[in-house]
Amino acid sequence: MNAPDLKLVADSTRAAGVSRFHESARAQVAGTATYIDDIPEVRGTLHAAPVCSPIAHGKLKGLDASAALALPGVQGFICAADIPGDPILAAFGHDEPVFAQDTVLFIGQVGGLILADDAMTARCAARLVKWDIEALPPVLTPQEAHAKQSYVLPPVHVKRGDAAAALARAPHTLEGRFEVGGQEHFYLEGQIAYVLPLEQNQWWVYSSTQHPGEVQHWVSHVLGLHNHAVKVECRRMGGGFGGKETQAGHLAVWAAVAAQKLKRPVKLRLDRDDDFMITGKRHPFAYSYQVGFDDSGLLCGLKLEMLANCGFSADLSGPVADRAIFHADNAYFLEDVAISSYRCKTNTQSHTAFRGFGGPQGVIVIERIMSDIARHLGLDALDVRLRNLYGIENRNVTHYQMQVEDNILEPLMTTLAQTSRYRERHGAIAEWNASSPVIKRGIALTPVKFGISFTATLFNQAGALVHVYTDGSVQVNHGGTEMGQGLNTKVAAIVADELGVPFERVLSTASDTSKVPNASATAASSGTDLNGRAAQFAARNVRDNLASFVAGLDGCGAGAVRFVNGQVISPSKTRQWEDVVGAAYANRIQLWSDGFYRTPKIHYDKVTMLGRPFYYFSYGAACTEVAIDTLTGEYRVVAVDILHDVGQSINPAIDIGQIEGAFVQGMGWLTTEQLVWNNKGYLQTHAPSTYKIPATGDVPEHFNVALWPEPNREDNVFGSKAVGEPPFMLGISVYEALRDAVAQAGGQPDAMNAPATAEEVLRAVQGF
């Protein structure tokens, strides 16, 4: 595996812009990093286990917990009747009951909790609870839901120009249908919450969540309390990927209701099977499209229908499906286009946020179309992609009326084509395939243009606190959450450079709703953009206080005072940082401050879906080569070359790691990670034995990652760009390379759905 020079530094005059160890790396390697299940349990803690519906759809007549309650060690059972506040979760759609009430809506829906002295007793007892359900026919596919007009939210339509007229006059047209499956988050740390009753009806909630503020709101809502009575804390998560943006709140709510009833601390940790069965996945999508194009492959018109399988409730399906619309163009100018998005209600788990948040489901359809056009015309797919790119001075406005002002697509893609030797390899692969009867190779180079900001504009805000102590040490707290992505490491570096102190002087602390209120979720790839800037502003306020103090001592302007490498330098004197801090305290100078940031420029109409929903775009491209066995459908990813745009990197080592991980996770979504529900709505792939994420053996030996050498053209913190989600879509290059190999084998790549398992590849090769 090759990468830029990522020599990790232990000390440097700069904290940002160099590769540093993750702030928790040593503790995690040593096993001393604390996750929620590592927190010592308070005396009297009860363990909860969910009671899950065995039926996908039906009328709930009752639950009989008598056998469970008779088991030694079982202390109680709670259900909907025990909820003191609103029995409906305080989610956006207000359409999801805390516990199943009159109706069950999917296999795995939680009807109540068993409370016991230990986790295993609780789980065994939960399986003894008997459900009395009058079964009803379930709706299990988005096509069936669409036919019945069963939606969690109204359909959305976006158009520009006249797609029908453009298709009618196009020299060539193609039609297609295909499906893309969902994806299980498979975080290392499963969903967990630990709720402790405090005095005067106050509550302390430890939650493995990407959105502590929402957990606070949900818990207080269900307990019938004001938000200030609930404190939610999260030091770190063992992975989130979007699965803990909303759905971590369910566990906190369930545990809180139990703790309120039994007046004891309650811990609820799902085992892996229950986690699979209860929680939502990436939204599966079904597509149909008509596309028109000319002899060069230039798009003339596009009609696209997207059916999003949302599961039984809205959750975040609205903004997920919206982002799929926003990213259906990916890197390409769509002049005459009509997009219809249907948010289909099915009797499955309520699908939720997942890395990319609908963006991958939008990008994949246009990338598939580009490859199909190229094959139809006998052209190189890269040339068709380059032909359709957004322009610089014209053809530079999206179908939702946002101007693409920071376009680097053409130079980035052509640079990668050169460094990866795409043209030479494309020819060599053709020669190989001509002489190889069984093993066929394929190659694809695909781009990504990903919009950065929450599409719900109100979430594009953040707060932070920076405290400087009298010994010169610094503590920073912000509203973001650490899930392994290095957010706290980056924020600490930003604060260190703003104050001119060594990185080691700065400590990032747990996310805590009692410190920074109303914080947005750590999602939309905006964690560093928002929280890093807020922390920078907080640190700047403290620095300005100190600069004014030193300026008064030395008779100079505050702007002449510099903070560098642990020193405070005025035109007349150099002092050590800690000496200045101590003197400032003695003179009653404020040594702490808050910071607040809201993303500028963004706006759009939620009804028409027009405007500027994103602050800027992140770009990237991947070139992937694969080899398939035409007799079995088995395949291997042979080589991957990536060129990705992270602006001016705050920590290149962390950014490279995010790119590598996102690519492999995207590859998993489109290859091995297959979710299978049977005709009764039962998720059959609910464990590591049946659901296969990529393993080390799936990572190609040749795996090159390079960073595009240009700062963000927008005024973002330190010139950086978001890195969490955009590279996920580079995994689409694997899917397109597999389809190229199938075409080289004389198969039917247009019939290949995703994930492209070995069985799916074999089916496409053999044309059945």
# chains A, B, ... in the order shown; residues from 1 in each chain; ligands from 1
>>> residues_around(residues="Lys261 (chain A)", least_positions_apart="6", cutoff="9 Å", atoms="only C-alpha atoms", output="PyMOL selection string")
chain A and resi 78+82-84
>>> residues_around(residues="region 474-489 of chain A", least_positions_apart="2", cutoff="6 Å", atoms="only C-alpha atoms", output="VMD selection string")
chain A and resid 22 to 23 210 236 to 239 464 to 468 491 to 492 505 to 509 511 516 519 522
>>> select_by_dssp(residues="region 380-583 of chain A", states="alpha helix (DSSP H)", output="ChimeraX atom specification")
/A:381-387,409-419,422-435,487-499,527,533-554,577-583
>>> residues_around(residues="Val640 (chain A)", least_positions_apart="3", cutoff="8 Å", atoms="only C-alpha atoms", output="PyMOL selection string")
chain A and resi 622-625+637+700+702-704
>>> closest_residue(among="A:Gln403, A:Thr348, A:Thr141, A:Gln202", to="Phe106 (chain A)", atoms="only C-alpha atoms")
A:Thr348
>>> residues_around(residues="region 552-567 of chain A", least_positions_apart="4", cutoff="10 Å", atoms="only C-alpha atoms", output="number ranges by chain")
A: 12-15, 472, 496-503, 505, 543-548, 571-580
>>> write_last_selection(atoms="N, CA and C atoms", output="mmCIF file, in the first residue's frame")
data_model
loop_
_atom_site.group_PDB
_atom_site.id
_atom_site.type_symbol
_atom_site.label_atom_id
_atom_site.label_comp_id
_atom_site.auth_asym_id
_atom_site.auth_seq_id
_atom_site.Cartn_x
_atom_site.Cartn_y
_atom_site.Cartn_z
ATOM 1 N N SER A 12 6.289 19.565 17.122
ATOM 2 C CA SER A 12 6.451 20.435 15.968
ATOM 3 C C SER A 12 6.012 21.822 16.369
ATOM 4 N N THR A 13 6.526 22.823 15.663
ATOM 5 C CA THR A 13 6.078 24.189 15.934
ATOM 6 C C THR A 13 4.661 24.405 15.442
ATOM 7 N N ARG A 14 4.176 23.547 14.554
ATOM 8 C CA ARG A 14 2.811 23.622 14.061
ATOM 9 C C ARG A 14 2.038 22.412 14.552
ATOM 10 N N ALA A 15 0.808 22.643 14.918
ATOM 11 C CA ALA A 15 -0.042 21.526 15.320
ATOM 12 C C ALA A 15 -0.871 21.025 14.146
ATOM 13 N N GLY A 472 -1.157 27.010 32.233
ATOM 14 C CA GLY A 472 -0.949 27.110 30.795
ATOM 15 C C GLY A 472 -1.544 25.979 29.999
ATOM 16 N N ALA A 496 -4.595 24.623 19.346
ATOM 17 C CA ALA A 496 -3.179 24.794 19.673
ATOM 18 C C ALA A 496 -2.532 25.848 18.786
ATOM 19 N N ASP A 497 -2.806 25.799 17.490
ATOM 20 C CA ASP A 497 -2.205 26.784 16.593
ATOM 21 C C ASP A 497 -2.780 28.177 16.793
ATOM 22 N N GLU A 498 -4.054 28.254 17.134
ATOM 23 C CA GLU A 498 -4.658 29.562 17.366
ATOM 24 C C GLU A 498 -4.036 30.236 18.590
ATOM 25 N N LEU A 499 -3.675 29.424 19.603
ATOM 26 C CA LEU A 499 -3.062 29.956 20.815
ATOM 27 C C LEU A 499 -1.537 29.956 20.749
ATOM 28 N N GLY A 500 -0.983 29.305 19.727
ATOM 29 C CA GLY A 500 0.469 29.249 19.597
ATOM 30 C C GLY A 500 1.137 28.390 20.641
ATOM 31 N N VAL A 501 0.454 27.321 21.069
ATOM 32 C CA VAL A 501 1.019 26.432 22.083
ATOM 33 C C VAL A 501 1.249 25.054 21.472
ATOM 34 N N PRO A 502 2.104 24.240 22.074
ATOM 35 C CA PRO A 502 2.303 22.878 21.571
ATOM 36 C C PRO A 502 1.012 22.065 21.637
ATOM 37 N N PHE A 503 0.874 21.154 20.710
ATOM 38 C CA PHE A 503 -0.317 20.312 20.623
ATOM 39 C C PHE A 503 -0.590 19.591 21.947
ATOM 40 N N ARG A 505 -0.337 20.477 24.856
ATOM 41 C CA ARG A 505 -0.938 21.302 25.914
ATOM 42 C C ARG A 505 -2.467 21.278 25.875
ATOM 43 N N ARG A 543 -7.089 34.381 23.149
ATOM 44 C CA ARG A 543 -5.826 34.947 22.662
ATOM 45 C C ARG A 543 -5.899 36.468 22.587
ATOM 46 N N ASP A 544 -7.034 36.988 22.122
ATOM 47 C CA ASP A 544 -7.183 38.443 22.025
ATOM 48 C C ASP A 544 -7.151 39.093 23.407
ATOM 49 N N ASN A 545 -7.745 38.406 24.396
ATOM 50 C CA ASN A 545 -7.679 38.930 25.768
ATOM 51 C C ASN A 545 -6.233 39.016 26.245
ATOM 52 N N LEU A 546 -5.473 37.967 25.970
ATOM 53 C CA LEU A 546 -4.075 37.944 26.383
ATOM 54 C C LEU A 546 -3.244 38.952 25.597
ATOM 55 N N ALA A 547 -3.534 39.100 24.305
ATOM 56 C CA ALA A 547 -2.795 40.067 23.487
ATOM 57 C C ALA A 547 -3.014 41.488 23.992
ATOM 58 N N SER A 548 -4.253 41.797 24.352
ATOM 59 C CA SER A 548 -4.538 43.134 24.888
ATOM 60 C C SER A 548 -3.811 43.360 26.209
ATOM 61 N N PRO A 571 6.851 43.402 20.329
ATOM 62 C CA PRO A 571 8.031 44.049 19.725
ATOM 63 C C PRO A 571 9.173 44.282 20.712
ATOM 64 N N SER A 572 8.862 44.275 22.013
ATOM 65 C CA SER A 572 9.920 44.599 22.970
ATOM 66 C C SER A 572 10.331 43.442 23.871
ATOM 67 N N LYS A 573 9.530 42.362 23.896
ATOM 68 C CA LYS A 573 9.854 41.309 24.858
ATOM 69 C C LYS A 573 9.250 39.975 24.448
ATOM 70 N N THR A 574 9.961 38.900 24.791
ATOM 71 C CA THR A 574 9.459 37.541 24.577
ATOM 72 C C THR A 574 9.221 36.888 25.930
ATOM 73 N N ARG A 575 8.021 36.339 26.114
ATOM 74 C CA ARG A 575 7.648 35.691 27.375
ATOM 75 C C ARG A 575 7.200 34.260 27.095
ATOM 76 N N GLN A 576 7.304 33.425 28.101
ATOM 77 C CA GLN A 576 6.771 32.085 27.996
ATOM 78 C C GLN A 576 5.260 32.129 28.164
ATOM 79 N N TRP A 577 4.583 31.254 27.437
ATOM 80 C CA TRP A 577 3.115 31.206 27.458
ATOM 81 C C TRP A 577 2.567 31.107 28.874
ATOM 82 N N GLU A 578 3.104 30.173 29.661
ATOM 83 C CA GLU A 578 2.545 29.950 30.989
ATOM 84 C C GLU A 578 2.771 31.150 31.911
ATOM 85 N N ASP A 579 3.854 31.894 31.680
ATOM 86 C CA ASP A 579 4.095 33.091 32.483
ATOM 87 C C ASP A 579 3.061 34.165 32.179
ATOM 88 N N VAL A 580 2.737 34.309 30.898
ATOM 89 C CA VAL A 580 1.730 35.289 30.501
ATOM 90 C C VAL A 580 0.369 34.900 31.076
#
>>> decode(residues="region 436-452 of chain A", atoms="all heavy atoms", output="PDB file, in the first residue's frame")
ATOM      1  N   SER A 436      -7.535 -14.545 -22.811  1.00  0.00           N
ATOM      2  CA  SER A 436      -7.847 -15.262 -21.570  1.00  0.00           C
ATOM      3  C   SER A 436      -9.301 -15.711 -21.610  1.00  0.00           C
ATOM      4  O   SER A 436     -10.213 -14.894 -21.503  1.00  0.00           O
ATOM      5  CB  SER A 436      -7.605 -14.361 -20.353  1.00  0.00           C
ATOM      6  OG  SER A 436      -8.006 -15.014 -19.171  1.00  0.00           O
ATOM      7  N   PRO A 437      -9.566 -17.022 -21.731  1.00  0.00           N
ATOM      8  CA  PRO A 437     -10.945 -17.488 -21.875  1.00  0.00           C
ATOM      9  C   PRO A 437     -11.757 -17.482 -20.573  1.00  0.00           C
ATOM     10  O   PRO A 437     -12.979 -17.421 -20.613  1.00  0.00           O
ATOM     11  CB  PRO A 437     -10.777 -18.918 -22.392  1.00  0.00           C
ATOM     12  CG  PRO A 437      -9.434 -19.342 -21.879  1.00  0.00           C
ATOM     13  CD  PRO A 437      -8.581 -18.116 -21.879  1.00  0.00           C
ATOM     14  N   VAL A 438     -11.107 -17.549 -19.424  1.00  0.00           N
ATOM     15  CA  VAL A 438     -11.824 -17.694 -18.159  1.00  0.00           C
ATOM     16  C   VAL A 438     -11.729 -16.432 -17.303  1.00  0.00           C
ATOM     17  O   VAL A 438     -12.743 -15.911 -16.836  1.00  0.00           O
ATOM     18  CB  VAL A 438     -11.294 -18.907 -17.364  1.00  0.00           C
ATOM     19  CG1 VAL A 438     -11.957 -18.985 -15.988  1.00  0.00           C
ATOM     20  CG2 VAL A 438     -11.545 -20.189 -18.152  1.00  0.00           C
ATOM     21  N   ILE A 439     -10.530 -15.943 -17.084  1.00  0.00           N
ATOM     22  CA  ILE A 439     -10.339 -14.761 -16.245  1.00  0.00           C
ATOM     23  C   ILE A 439     -10.425 -13.518 -17.126  1.00  0.00           C
ATOM     24  O   ILE A 439      -9.674 -13.360 -18.077  1.00  0.00           O
ATOM     25  CB  ILE A 439      -8.983 -14.793 -15.520  1.00  0.00           C
ATOM     26  CG1 ILE A 439      -8.845 -16.096 -14.714  1.00  0.00           C
ATOM     27  CG2 ILE A 439      -8.851 -13.566 -14.615  1.00  0.00           C
ATOM     28  CD1 ILE A 439      -9.891 -16.271 -13.638  1.00  0.00           C
ATOM     29  N   LYS A 440     -11.360 -12.652 -16.789  1.00  0.00           N
ATOM     30  CA  LYS A 440     -11.524 -11.398 -17.524  1.00  0.00           C
ATOM     31  C   LYS A 440     -11.270 -10.234 -16.581  1.00  0.00           C
ATOM     32  O   LYS A 440     -11.647 -10.269 -15.407  1.00  0.00           O
ATOM     33  CB  LYS A 440     -12.934 -11.285 -18.103  1.00  0.00           C
ATOM     34  CG  LYS A 440     -13.312 -12.409 -19.064  1.00  0.00           C
ATOM     35  CD  LYS A 440     -12.519 -12.329 -20.365  1.00  0.00           C
ATOM     36  CE  LYS A 440     -12.991 -13.401 -21.350  1.00  0.00           C
ATOM     37  NZ  LYS A 440     -12.223 -13.374 -22.620  1.00  0.00           N
ATOM     38  N   ARG A 441     -10.665  -9.207 -17.124  1.00  0.00           N
ATOM     39  CA  ARG A 441     -10.355  -8.024 -16.331  1.00  0.00           C
ATOM     40  C   ARG A 441     -11.228  -6.851 -16.755  1.00  0.00           C
ATOM     41  O   ARG A 441     -11.744  -6.809 -17.871  1.00  0.00           O
ATOM     42  CB  ARG A 441      -8.874  -7.660 -16.456  1.00  0.00           C
ATOM     43  CG  ARG A 441      -7.954  -8.699 -15.824  1.00  0.00           C
ATOM     44  CD  ARG A 441      -6.519  -8.211 -15.754  1.00  0.00           C
ATOM     45  NE  ARG A 441      -5.677  -9.129 -15.000  1.00  0.00           N
ATOM     46  CZ  ARG A 441      -4.407  -8.895 -14.674  1.00  0.00           C
ATOM     47  NH1 ARG A 441      -3.829  -7.760 -15.045  1.00  0.00           N
ATOM     48  NH2 ARG A 441      -3.725  -9.777 -13.990  1.00  0.00           N
ATOM     49  N   GLY A 442     -11.372  -5.900 -15.842  1.00  0.00           N
ATOM     50  CA  GLY A 442     -12.112  -4.684 -16.122  1.00  0.00           C
ATOM     51  C   GLY A 442     -11.484  -3.523 -15.390  1.00  0.00           C
ATOM     52  O   GLY A 442     -10.764  -3.703 -14.395  1.00  0.00           O
ATOM     53  N   ILE A 443     -11.749  -2.315 -15.877  1.00  0.00           N
ATOM     54  CA  ILE A 443     -11.178  -1.121 -15.263  1.00  0.00           C
ATOM     55  C   ILE A 443     -12.186   0.006 -15.360  1.00  0.00           C
ATOM     56  O   ILE A 443     -12.989   0.065 -16.304  1.00  0.00           O
ATOM     57  CB  ILE A 443      -9.836  -0.728 -15.940  1.00  0.00           C
ATOM     58  CG1 ILE A 443      -9.093   0.319 -15.102  1.00  0.00           C
ATOM     59  CG2 ILE A 443     -10.046  -0.256 -17.369  1.00  0.00           C
ATOM     60  CD1 ILE A 443      -7.665   0.561 -15.567  1.00  0.00           C
ATOM     61  N   ALA A 444     -12.168   0.874 -14.376  1.00  0.00           N
ATOM     62  CA  ALA A 444     -13.051   2.042 -14.394  1.00  0.00           C
ATOM     63  C   ALA A 444     -12.403   3.165 -13.612  1.00  0.00           C
ATOM     64  O   ALA A 444     -11.752   2.932 -12.584  1.00  0.00           O
ATOM     65  CB  ALA A 444     -14.419   1.701 -13.789  1.00  0.00           C
ATOM     66  N   LEU A 445     -12.591   4.380 -14.109  1.00  0.00           N
ATOM     67  CA  LEU A 445     -12.150   5.583 -13.407  1.00  0.00           C
ATOM     68  C   LEU A 445     -13.378   6.461 -13.215  1.00  0.00           C
ATOM     69  O   LEU A 445     -13.963   6.942 -14.190  1.00  0.00           O
ATOM     70  CB  LEU A 445     -11.062   6.324 -14.193  1.00  0.00           C
ATOM     71  CG  LEU A 445     -10.299   7.420 -13.465  1.00  0.00           C
ATOM     72  CD1 LEU A 445      -8.939   7.673 -14.130  1.00  0.00           C
ATOM     73  CD2 LEU A 445     -11.071   8.731 -13.362  1.00  0.00           C
ATOM     74  N   THR A 446     -13.791   6.613 -11.970  1.00  0.00           N
ATOM     75  CA  THR A 446     -15.016   7.356 -11.673  1.00  0.00           C
ATOM     76  C   THR A 446     -14.718   8.500 -10.705  1.00  0.00           C
ATOM     77  O   THR A 446     -13.883   8.373  -9.809  1.00  0.00           O
ATOM     78  CB  THR A 446     -16.099   6.449 -11.053  1.00  0.00           C
ATOM     79  OG1 THR A 446     -15.644   5.950  -9.789  1.00  0.00           O
ATOM     80  CG2 THR A 446     -16.425   5.290 -11.973  1.00  0.00           C
ATOM     81  N   PRO A 447     -15.414   9.630 -10.874  1.00  0.00           N
ATOM     82  CA  PRO A 447     -15.204  10.790 -10.000  1.00  0.00           C
ATOM     83  C   PRO A 447     -16.272  10.891  -8.919  1.00  0.00           C
ATOM     84  O   PRO A 447     -17.256  10.137  -8.909  1.00  0.00           O
ATOM     85  CB  PRO A 447     -15.346  11.956 -10.976  1.00  0.00           C
ATOM     86  CG  PRO A 447     -16.428  11.478 -11.916  1.00  0.00           C
ATOM     87  CD  PRO A 447     -16.252   9.976 -12.033  1.00  0.00           C
ATOM     88  N   VAL A 448     -16.076  11.848  -8.032  1.00  0.00           N
ATOM     89  CA  VAL A 448     -17.120  12.223  -7.078  1.00  0.00           C
ATOM     90  C   VAL A 448     -17.074  13.729  -6.871  1.00  0.00           C
ATOM     91  O   VAL A 448     -16.000  14.324  -6.818  1.00  0.00           O
ATOM     92  CB  VAL A 448     -16.959  11.484  -5.727  1.00  0.00           C
ATOM     93  CG1 VAL A 448     -15.661  11.854  -5.036  1.00  0.00           C
ATOM     94  CG2 VAL A 448     -18.130  11.774  -4.806  1.00  0.00           C
ATOM     95  N   LYS A 449     -18.241  14.319  -6.812  1.00  0.00           N
ATOM     96  CA  LYS A 449     -18.437  15.722  -6.403  1.00  0.00           C
ATOM     97  C   LYS A 449     -19.477  15.674  -5.298  1.00  0.00           C
ATOM     98  O   LYS A 449     -20.623  15.335  -5.543  1.00  0.00           O
ATOM     99  CB  LYS A 449     -18.938  16.573  -7.576  1.00  0.00           C
ATOM    100  CG  LYS A 449     -19.342  17.996  -7.169  1.00  0.00           C
ATOM    101  CD  LYS A 449     -19.925  18.779  -8.339  1.00  0.00           C
ATOM    102  CE  LYS A 449     -21.270  18.278  -8.778  1.00  0.00           C
ATOM    103  NZ  LYS A 449     -22.356  18.434  -7.788  1.00  0.00           N
ATOM    104  N   PHE A 450     -19.071  16.007  -4.089  1.00  0.00           N
ATOM    105  CA  PHE A 450     -19.961  15.823  -2.941  1.00  0.00           C
ATOM    106  C   PHE A 450     -20.167  17.142  -2.229  1.00  0.00           C
ATOM    107  O   PHE A 450     -19.206  17.825  -1.850  1.00  0.00           O
ATOM    108  CB  PHE A 450     -19.373  14.794  -1.978  1.00  0.00           C
ATOM    109  CG  PHE A 450     -20.332  14.342  -0.908  1.00  0.00           C
ATOM    110  CD1 PHE A 450     -21.309  13.401  -1.194  1.00  0.00           C
ATOM    111  CD2 PHE A 450     -20.261  14.858   0.377  1.00  0.00           C
ATOM    112  CE1 PHE A 450     -22.196  12.976  -0.211  1.00  0.00           C
ATOM    113  CE2 PHE A 450     -21.140  14.441   1.364  1.00  0.00           C
ATOM    114  CZ  PHE A 450     -22.112  13.494   1.066  1.00  0.00           C
ATOM    115  N   GLY A 451     -21.432  17.510  -2.027  1.00  0.00           N
ATOM    116  CA  GLY A 451     -21.764  18.763  -1.369  1.00  0.00           C
ATOM    117  C   GLY A 451     -21.602  18.678   0.134  1.00  0.00           C
ATOM    118  O   GLY A 451     -22.061  17.728   0.769  1.00  0.00           O
ATOM    119  N   ILE A 452     -20.968  19.695   0.710  1.00  0.00           N
ATOM    120  CA  ILE A 452     -20.677  19.715   2.136  1.00  0.00           C
ATOM    121  C   ILE A 452     -21.535  20.765   2.829  1.00  0.00           C
ATOM    122  O   ILE A 452     -21.393  21.964   2.590  1.00  0.00           O
ATOM    123  CB  ILE A 452     -19.190  20.001   2.407  1.00  0.00           C
ATOM    124  CG1 ILE A 452     -18.323  18.966   1.673  1.00  0.00           C
ATOM    125  CG2 ILE A 452     -18.923  19.994   3.900  1.00  0.00           C
ATOM    126  CD1 ILE A 452     -18.546  17.529   2.088  1.00  0.00           C
TER     127      ILE A 452
END
